[in-house]
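Peer 1: What follows is a structure written as structure tokens; I'll ask about it next.
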Amino acid sequence: MSTANKEISDLLNERYAAGFYTPLETDSVPPGLSEDTVRSISARKAEPEWLLKWRLRAYRRWLEMQEPHWAHAKYAPIDYQAASYYSAPKQDKPKSLDEVDPQILETYEKLGIPLRERELLAGVAVDAVFDSVSVATTFKEKLAEVGVIFCSFSDAVQEHPQLVRKYLGTVVPRGDNFYAALNAAVFSDGSFCYIPPDTRCPMELSTYFRINAGNTGQFERTLVVADRGSHVSYLEGCTAPMRDNNQLHAAVVELVALEDAEIKYSTVQNWYPGDAQGRGGIYNFVTKRGDCRGARSRISWTQIETGSAITWKYPSCILRGDHSRGAFYSVAITNNWQQADTGTKMIHLGRHTSSTIISKGISAGHGQNAYRGMVEAGPRASHARNFTQCDSLLMGDQCGAHTFPVIRAGNCTVQVEHEATTSKISDEQLFYCRQRGISTEDAVAMIVNGFCQRVLEELPMEFAVEARKLLGISLEGAIG
Amino acid sequence: MNMLEIRGLEVSIGDTQILRGVDLSVSAGEIHVIMGPNGSGKSTLAKVLVGHPDCEVSSGEVDYAGRSLLEMDAEERALEGVFLAFQNPVEIPGVGNAYLLKAAVNAMRRHRGETELDAFDFLSMVREQLQQVGMSEDMLKRSVNAGFSGGEKKRNELLQLALLKPRLAILDELDSGLDIDGMKAVCTQISSMHTPDRAMLLVTHYPRMLEHLRVDHVHIMSGGRLVQSGGLELVGHLEQGGYETFSA
Ligand SMILES: Nc1ncnc2c1ncn2[C@@H]1O[C@H](COP(=O)(O)OP(=O)(O)OP(=O)(O)O)[C@@H](O)[C@H]1O
Ligand SMILES: [Mg+2]
């Protein structure tokens with residue numbers, strides 16, 4: 001505990017450690033959004049005609065849509081013409097890691113993600129997305145040996161067009177919602193992953209998203225396909241520099257699990273949250289959905305949401321295959337003026353499908369935390385089951401926690417259990433710890449970690465430590 | 001030199017003055033007992049000594065091992081060996097009992113410049129003590145005090161006392177709510193810690209526990225003051241005449 005504690009307290013003093021900016025020459029499209037913007041992004045990537053058409057249809061759909069405002073969050077209207085929709089480091093596409101701009105490699109190193117071959121984290125393959133483009137993907141060849149495709153989305157479009165075309169937009173249709181449509185029109189890069197039948201992916205796959213440029217949005221798209229009987233564990237991490245203005249991040253993640261396949265998707269989201277006065281920070285408006293397409297398939301979403309000024313995301317599962325299982329494990333922290341409206345949808349379509357929802361919301365400062373969840377079982381989903389546990393922890397009396405659960409049972413064999421608690425870290429608890437020689441920070445970290453334990457244990461080992469540290473940092477100054 | 005020296009201590013909680021001038025000297029090696037009616041201020045005295053934020057000191061001084069105790073913050077007092085067994089230990093759901101104990105033991109070891117214990121060494125150290133205090137290993141896996149029975153909470157305090165081996169142990173009704181075996185375990189623990197370099201301040205309502213201990217001084221608290229001090233014979237008076245004979 002002591003070393004972990006030391007790290008936490010060291011990091012506490014660092015505040016938002018990922019807040020630096022790397023000055024680079026960039027190739028950006030001018031601010032503004034029109035059909036020409038969409039065409040110019042597509043052209044930069046030399047995309048096939050079908051994809052350009054797909055984008056344009058999404059764009060036209062988006063023009064007809066309204067920005068949603070049902071989330072429990074307050075913010076000024078976003079000017080979609082003010083931001084730039086594409087920004088990439090000015091460099092020819094590097095063919096290997098040796099060709100990647102050393103400044104970019106350094107940026108990732110500073111963030112604790114070594115990309116240079118000799119320093120790679122054993123057992124973890126990384127796709128590094130820098131602003132609008134993927135700059136490097138490690139262990140590509142090693143994964144190819146077992147038939148696993150792991151590459152940037154742009155490369156996938158060029159090298160595996162039939163796979164991309166088969167699955168793109170089949171889980172999150174291009175007109176699904178306002179931000180998903182925007183993403184479909186202007187998405188720049190992201191990761192693509194395909195696991196062939198009966199294959200267990202030999203390492204953790206991860207994508208590390210970095211917003212670097214100012215006045216740009218990041219719109220990446222991730223597609224993970226697990227073919228029959230395969231297994232993959234995937235992790236994404238996110239950071240951005242500290243800036244006074246808000247930046248938009250509107251990503252889409254689609255997961256497809258065929259018969260007997262399993263996808264574990266974990267997120268450690270640490271976008272810049274804004275300062276203590278609520279200035280700046282990322283608007284994290286993300287659509288994530290998994291389709292348990294085959295019988296007995298499984299998808300689990302695990303998320304540690306500590307960053308962003310506003311988080312709006314509901315990683316969901318469509319439980320189409322009979323006996324398929326979905327899970328959502330979430331820790332969302334809001335401190336200072338952060339707002340999070342997050343949760344999940346479990347849509348039971350197949351028979352004997354089951355889902356688990358464990359949501360832990362922590363609010364401190366003026367933070368507002370909402371859990372919004374829907375469990376829906378269709379008429380065919382006989383014997384569908386759901387267990388939901390929804391806990392809130394409050395620190396101080398300026399913050400808020402809200403839960404909006406919806407249950408729709410379309411047949412009479414559905415079983416749904418819902419448990420919810422709200423608790424507070426009391427002064428008596430902190431004093432008890434201090435009387436035993438444990439500092440206030442350590443006591444808070446201990447209580448918060450205990451509160452989140454059930455979710456943290458779902459994370460891959462390599463990232464659990466990181467996540468614990470983040471929890472401590474994010475609550476800096478929450479109790480003083 | 002006295003280990004603990006309290007002079008003219010006045011303490012309020014909220015707007016109410018609770019302690020109205022307490023004087024007390026405790027030397028190393030001594031056991032002091034404080035008895036007194038409900039609400040007379042015994043727990044308030046215990047709490048102010050460990051720096052509870054509710055206790056506002058309006059006047060007086062406290063020296064501990066040559067330092068001004070009131071100027072040290074709560075963690076520091078704990079690390080310097082002042083321990084309070086709480087009358088009503090708080091529940092901390094979600095935090096494993098073993099985890100808290102290990103954190104406390106290692107905080108103490110760090111403070112003393114000793115190497116910290118890993119999970120393995122810690123467990124073997126705790127196992128020994130568990131037997132002494134009559135707790136099962138299950139209790140380590142459960143959350144701190146959460147859902148513990150009254151007596152189990154007291155045993156958990158006793159376990160911490162045994163593990164942390166404080167220099168000044170303040171035991172606020174550690175014997176209340178314990179069964180006969182538990183009471184014995186408390187007496188055994190106190191006796192084994194009754195060494196020349198330690199001091200203890202016991203708050204109790206029951207003379208029974210005292211029969212098994214070598215008590216040096218007994219004080220009666222009433223209306224926020226120590227109104228009478230003496231030896232064990234005071235306890236005898238009490239049993240005959242109740243607290244009425246000692247007026248504030
Ligand atoms: N937080 C508080 N707010 C208001 N009054 C308090 C508070 N804590 C203690 N008191 C009051 O202070 C007085 C002394 O309380 P204290 O707990 O010190 O008594 P005690 O001697 O330990 O009693 P007992 O034998 O019942 O444990 C009581 O009248 C109590 O109601
Ligand atoms: Mg009391």
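Please note that chains go A, B, ... in the order of the structure tokens, that every chain numbers its residues from 1, and that ligands are numbered from 1 in the order shown.
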Hey, list the chain A side of the contact with chain B: 8 Å cut-off, only C-alpha atoms, answer as a ChimeraX atom specification.

Peer 2: /A:1-2,428-429,431-439,446-447,449-451,453

Peer 1: Restricting the output to all heavy atoms, write the selected residues as a compact mmCIF listing (two decimals), in the first residue's frame.

Peer 2:
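File written: out-v2.txt
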```
# COMPACT_ATOMS: atom_id res chain seq x y z
N MET A 1 0.83 -1.22 0.00
CA MET A 1 0.00 0.00 0.00
C MET A 1 0.86 1.25 0.00
O MET A 1 0.57 2.23 -0.68
CB MET A 1 -0.88 -0.03 1.24
CG MET A 1 -1.37 1.33 1.66
SD MET A 1 -3.16 1.44 1.56
CE MET A 1 -3.40 3.15 1.85
N SER A 2 2.01 1.17 0.69
CA SER A 2 2.77 2.40 0.88
C SER A 2 3.28 2.97 -0.43
O SER A 2 3.18 4.16 -0.67
CB SER A 2 3.95 2.12 1.77
OG SER A 2 4.84 1.31 1.06
N GLU A 428 -16.48 11.07 10.40
CA GLU A 428 -16.15 10.06 11.41
C GLU A 428 -15.28 8.96 10.82
O GLU A 428 -14.34 8.49 11.44
CB GLU A 428 -17.43 9.43 11.97
CG GLU A 428 -18.00 9.88 13.30
CD GLU A 428 -17.14 10.68 14.26
OE1 GLU A 428 -16.22 10.07 14.86
OE2 GLU A 428 -17.37 11.87 14.45
N GLN A 429 -15.61 8.55 9.57
CA GLN A 429 -14.80 7.52 8.93
C GLN A 429 -13.37 8.01 8.69
O GLN A 429 -12.41 7.29 8.95
CB GLN A 429 -15.42 7.12 7.57
CG GLN A 429 -16.72 6.36 7.72
CD GLN A 429 -17.40 6.15 6.38
OE1 GLN A 429 -17.23 6.94 5.45
NE2 GLN A 429 -18.17 5.08 6.27
N PHE A 431 -11.86 10.34 10.29
CA PHE A 431 -11.16 10.52 11.56
C PHE A 431 -10.68 9.18 12.11
O PHE A 431 -9.58 9.07 12.64
CB PHE A 431 -12.04 11.22 12.60
CG PHE A 431 -11.28 11.46 13.87
CD1 PHE A 431 -10.26 12.39 13.90
CD2 PHE A 431 -11.53 10.70 15.00
CE1 PHE A 431 -9.50 12.57 15.05
CE2 PHE A 431 -10.78 10.88 16.15
CZ PHE A 431 -9.77 11.82 16.18
N TYR A 432 -11.50 8.17 11.96
CA TYR A 432 -11.12 6.84 12.42
C TYR A 432 -9.81 6.41 11.77
O TYR A 432 -8.89 5.94 12.43
CB TYR A 432 -12.24 5.86 12.07
CG TYR A 432 -12.10 4.48 12.67
CD1 TYR A 432 -12.52 4.22 13.96
CD2 TYR A 432 -11.57 3.43 11.93
CE1 TYR A 432 -12.41 2.95 14.51
CE2 TYR A 432 -11.46 2.15 12.47
CZ TYR A 432 -11.89 1.92 13.76
OH TYR A 432 -11.78 0.67 14.30
N CYS A 433 -9.71 6.62 10.45
CA CYS A 433 -8.49 6.26 9.73
C CYS A 433 -7.30 7.10 10.21
O CYS A 433 -6.20 6.58 10.41
CB CYS A 433 -8.67 6.46 8.24
SG CYS A 433 -9.90 5.38 7.51
N ARG A 434 -7.54 8.38 10.38
CA ARG A 434 -6.44 9.26 10.81
C ARG A 434 -5.96 8.87 12.20
O ARG A 434 -4.77 8.91 12.50
CB ARG A 434 -6.89 10.73 10.80
CG ARG A 434 -7.21 11.22 9.40
CD ARG A 434 -7.77 12.62 9.44
NE ARG A 434 -6.78 13.57 9.91
CZ ARG A 434 -7.08 14.74 10.47
NH1 ARG A 434 -8.36 15.07 10.64
NH2 ARG A 434 -6.14 15.54 10.87
N GLN A 435 -6.89 8.46 13.07
CA GLN A 435 -6.51 8.03 14.41
C GLN A 435 -5.65 6.76 14.33
O GLN A 435 -4.94 6.42 15.26
CB GLN A 435 -7.75 7.78 15.27
CG GLN A 435 -7.57 8.04 16.76
CD GLN A 435 -6.42 7.31 17.41
OE1 GLN A 435 -6.40 6.09 17.46
NE2 GLN A 435 -5.44 8.07 17.93
N ARG A 436 -5.69 6.09 13.22
CA ARG A 436 -4.85 4.90 13.05
C ARG A 436 -3.58 5.24 12.26
O ARG A 436 -2.90 4.36 11.75
CB ARG A 436 -5.62 3.78 12.35
CG ARG A 436 -6.85 3.29 13.12
CD ARG A 436 -6.51 2.84 14.54
NE ARG A 436 -7.66 2.29 15.23
CZ ARG A 436 -8.18 2.78 16.36
NH1 ARG A 436 -7.64 3.86 16.92
NH2 ARG A 436 -9.21 2.21 16.93
N GLY A 437 -3.31 6.55 12.09
CA GLY A 437 -2.06 6.98 11.47
C GLY A 437 -2.13 7.10 9.95
O GLY A 437 -1.13 7.27 9.28
N ILE A 438 -3.32 6.96 9.39
CA ILE A 438 -3.49 7.00 7.93
C ILE A 438 -3.92 8.41 7.53
O ILE A 438 -4.87 8.96 8.08
CB ILE A 438 -4.55 5.96 7.50
CG1 ILE A 438 -4.10 4.56 7.93
CG2 ILE A 438 -4.80 6.01 6.01
CD1 ILE A 438 -5.19 3.51 7.88
N SER A 439 -3.23 9.00 6.56
CA SER A 439 -3.52 10.39 6.19
C SER A 439 -4.89 10.49 5.52
O SER A 439 -5.41 9.51 5.01
CB SER A 439 -2.45 10.92 5.24
OG SER A 439 -2.59 10.28 3.99
N MET A 446 -8.45 5.00 -0.07
CA MET A 446 -8.81 3.67 0.41
C MET A 446 -10.33 3.44 0.31
O MET A 446 -10.78 2.41 -0.15
CB MET A 446 -8.36 3.58 1.87
CG MET A 446 -8.25 2.22 2.44
SD MET A 446 -7.09 2.26 3.85
CE MET A 446 -8.14 2.88 5.10
N ILE A 447 -11.07 4.44 0.73
CA ILE A 447 -12.53 4.31 0.71
C ILE A 447 -13.05 4.28 -0.73
O ILE A 447 -13.89 3.47 -1.09
CB ILE A 447 -13.20 5.44 1.53
CG1 ILE A 447 -12.84 5.27 3.01
CG2 ILE A 447 -14.72 5.43 1.36
CD1 ILE A 447 -13.22 6.43 3.90
N ASN A 449 -11.32 3.41 -3.44
CA ASN A 449 -10.93 2.15 -4.05
C ASN A 449 -11.83 1.01 -3.61
O ASN A 449 -12.19 0.14 -4.40
CB ASN A 449 -9.48 1.80 -3.72
CG ASN A 449 -8.53 2.39 -4.73
OD1 ASN A 449 -8.70 2.20 -5.92
ND2 ASN A 449 -7.54 3.12 -4.26
N GLY A 450 -12.17 1.02 -2.33
CA GLY A 450 -13.07 -0.02 -1.82
C GLY A 450 -14.42 0.06 -2.51
O GLY A 450 -14.99 -0.94 -2.92
N PHE A 451 -14.88 1.29 -2.68
CA PHE A 451 -16.17 1.54 -3.33
C PHE A 451 -16.18 1.03 -4.77
O PHE A 451 -17.17 0.51 -5.26
CB PHE A 451 -16.45 3.04 -3.26
CG PHE A 451 -17.73 3.48 -3.92
CD1 PHE A 451 -18.95 3.22 -3.31
CD2 PHE A 451 -17.72 4.16 -5.12
CE1 PHE A 451 -20.13 3.63 -3.91
CE2 PHE A 451 -18.89 4.58 -5.73
CZ PHE A 451 -20.10 4.31 -5.11
N GLN A 453 -14.04 -1.27 -6.07
CA GLN A 453 -13.36 -2.55 -6.19
C GLN A 453 -14.00 -3.49 -7.23
O GLN A 453 -13.34 -4.03 -8.09
CB GLN A 453 -13.33 -3.23 -4.81
CG GLN A 453 -12.57 -4.54 -4.77
CD GLN A 453 -11.14 -4.40 -5.23
OE1 GLN A 453 -10.53 -3.33 -5.11
NE2 GLN A 453 -10.59 -5.46 -5.81
```

Peer 1: Taking a cut-off of 6 Å and counting only C-alpha atoms and all ligand atoms, can you build a table that, for each residue of chain B near ligand 1, reports the nearest atom pair and how far apart they are in Å (one decimal), sorted by chain then residue number, as CSV?

Peer 2:
```
residue,atom,partner,partner_atom_place_in_ligand_line,distance
B:Ile13,CA,ligand 1,2 (C),5.6
B:Ile18,CA,ligand 1,12 (O),5.4
B:Pro37,CA,ligand 1,25 (O),5.7
B:Asn38,CA,ligand 1,25 (O),3.6
B:Gly39,CA,ligand 1,19 (O),3.4
B:Ser40,CA,ligand 1,21 (O),3.9
B:Gly41,CA,ligand 1,18 (O),3.2
B:Lys42,CA,ligand 1,21 (O),3.7
B:Ser43,CA,ligand 1,22 (O),3.6
B:Thr44,CA,ligand 1,18 (O),3.7
```

Peer 1: So which bits of range 84-159 of chain B end up strand (DSSP E) when you DSSP the backbone, as a ChimeraX atom specification?

Peer 2: /B:84-85,92-96,143-144

Peer 1: Could you save the residues just selected, with N, CA, C and O atoms, as a CSV table (one decimal), in the first residue's frame?

Peer 2:
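Below is the file that was written, selection.csv:
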```
chain,number,residue,atom,x,y,z
B,84,LEU,N,-6.6,5.5,20.5
B,84,LEU,CA,-8.0,5.5,21.1
B,84,LEU,C,-8.8,4.3,20.7
B,84,LEU,O,-9.0,4.2,19.4
B,85,ALA,N,-9.2,3.5,21.6
B,85,ALA,CA,-10.2,2.5,21.3
B,85,ALA,C,-11.5,3.2,21.4
B,85,ALA,O,-11.9,3.6,22.5
B,92,ILE,N,-17.0,1.3,8.1
B,92,ILE,CA,-16.5,1.8,6.8
B,92,ILE,C,-16.8,0.7,5.7
B,92,ILE,O,-15.9,-0.1,5.4
B,93,PRO,N,-18.0,0.8,5.1
B,93,PRO,CA,-18.3,-0.3,4.1
B,93,PRO,C,-17.4,-0.2,2.9
B,93,PRO,O,-17.0,0.9,2.5
B,94,GLY,N,-17.0,-1.3,2.4
B,94,GLY,CA,-16.2,-1.3,1.1
B,94,GLY,C,-14.7,-1.4,1.4
B,94,GLY,O,-14.0,-1.8,0.5
B,95,VAL,N,-14.3,-1.0,2.6
B,95,VAL,CA,-12.9,-1.1,2.9
B,95,VAL,C,-12.6,-2.4,3.7
B,95,VAL,O,-13.2,-2.5,4.8
B,96,GLY,N,-11.8,-3.2,3.2
B,96,GLY,CA,-11.5,-4.5,3.9
B,96,GLY,C,-10.9,-4.2,5.2
B,96,GLY,O,-10.0,-3.4,5.3
B,143,SER,N,-15.8,-5.9,5.6
B,143,SER,CA,-15.5,-4.5,5.6
B,143,SER,C,-15.4,-4.0,7.1
B,143,SER,O,-16.0,-4.6,8.0
B,144,VAL,N,-14.6,-2.9,7.3
B,144,VAL,CA,-14.3,-2.5,8.6
B,144,VAL,C,-15.6,-2.2,9.4
B,144,VAL,O,-16.4,-1.3,9.1
```

Peer 1: Please report, as a PyMOL selection string, each residue of range 60-90 of chain B to which DSSP assigns alpha helix (DSSP H) when run on this structure's backbone.

Peer 2: chain B and resi 74-79

Peer 1: Which of these, B:Gly231, B:Gly66, B:Gly29, B:Gly224, has the shortest distance to Leu9 in chain B once you count only C-alpha atoms?

Peer 2: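 Comparing B:Gly231, B:Gly66, B:Gly29, B:Gly224 against Leu9 in chain B, the winner is B:Gly224.
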
Peer 1: Just want the 8 Å neighbourhood of Gly8 in chain B, counted on only C-alpha atoms, with same-chain residues fewer than 5 positions away dropped. Output as a list in words.

Peer 2: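 Near Gly8 in chain B, the qualifying residues are Arg20, Gly21, Val22, Asp23, Ser59, Gly60 and Glu61 of chain B.
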
Peer 1: Could those residues be written to a file, using N, CA and C atoms, as a tab-separated table (two decimals), in the first residue's frame?

Peer 2:
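And here's result_28.tsv as it stands now:
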```tsv
chain	number	residue	atom	x	y	z
B	20	ARG	N	-14.76	21.28	31.79
B	20	ARG	CA	-14.71	22.56	32.49
B	20	ARG	C	-13.48	22.66	33.36
B	21	GLY	N	-12.34	22.34	32.79
B	21	GLY	CA	-11.10	22.44	33.55
B	21	GLY	C	-10.66	21.09	34.09
B	22	VAL	N	-9.98	20.34	33.24
B	22	VAL	CA	-9.50	19.01	33.64
B	22	VAL	C	-8.00	19.07	33.87
B	23	ASP	N	-7.55	18.53	35.01
B	23	ASP	CA	-6.12	18.40	35.30
B	23	ASP	C	-5.83	16.93	35.53
B	59	SER	N	-9.46	26.50	26.44
B	59	SER	CA	-8.27	26.85	27.22
B	59	SER	C	-7.64	25.61	27.80
B	60	GLY	N	-6.39	25.77	28.25
B	60	GLY	CA	-5.68	24.64	28.83
B	60	GLY	C	-4.54	24.16	27.96
B	61	GLU	N	-3.75	23.25	28.51
B	61	GLU	CA	-2.59	22.73	27.79
B	61	GLU	C	-2.48	21.23	28.00
```

Peer 1: Taking only C-alpha atoms and all ligand atoms into account, which of B:Lys47, B:His212, B:Arg127, B:Lys153 comes nearest ligand 2?

Peer 2: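 Smallest separation from ligand 2 among the options: B:Lys47.
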
Peer 1: May I ask for the distance between CA of Pro202 in chain A and CA of Leu143 in chain A, given in Å to one decimal place?

Peer 2: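 Computing the Euclidean distance for CA of Pro202 in chain A and CA of Leu143 in chain A yields 7.5 Å.
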
Peer 1: For His205 in chain B, work out the shell of residues within 12 Å, counting only C-alpha atoms and skipping chain neighbours fewer than 5 positions away, then give it as a count of residues only.

Peer 2: 22

Peer 1: Please, what distance in Å, to one decimal, runs between CA of Ala88 in chain A and CA of Asp27 in chain A?

Peer 2: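 Separating CA of Ala88 in chain A from CA of Asp27 in chain A is a distance of 5.2 Å.
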
Peer 1: Pick out the residues sitting within 10 Å of Phe178 in chain A, and hand them over as a list of chain:residue names; count only C-alpha atoms, and ignore anything fewer than 5 positions along from it in its own chain.

Peer 2: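 In the requested form, the answer reads A:Ala58, A:Arg61, A:Trp62, A:Leu63, A:Glu64, A:Met65, A:Gln66, A:Glu67, A:Pro68, A:Asn183, A:Ala250, A:Phe285, A:Thr287.
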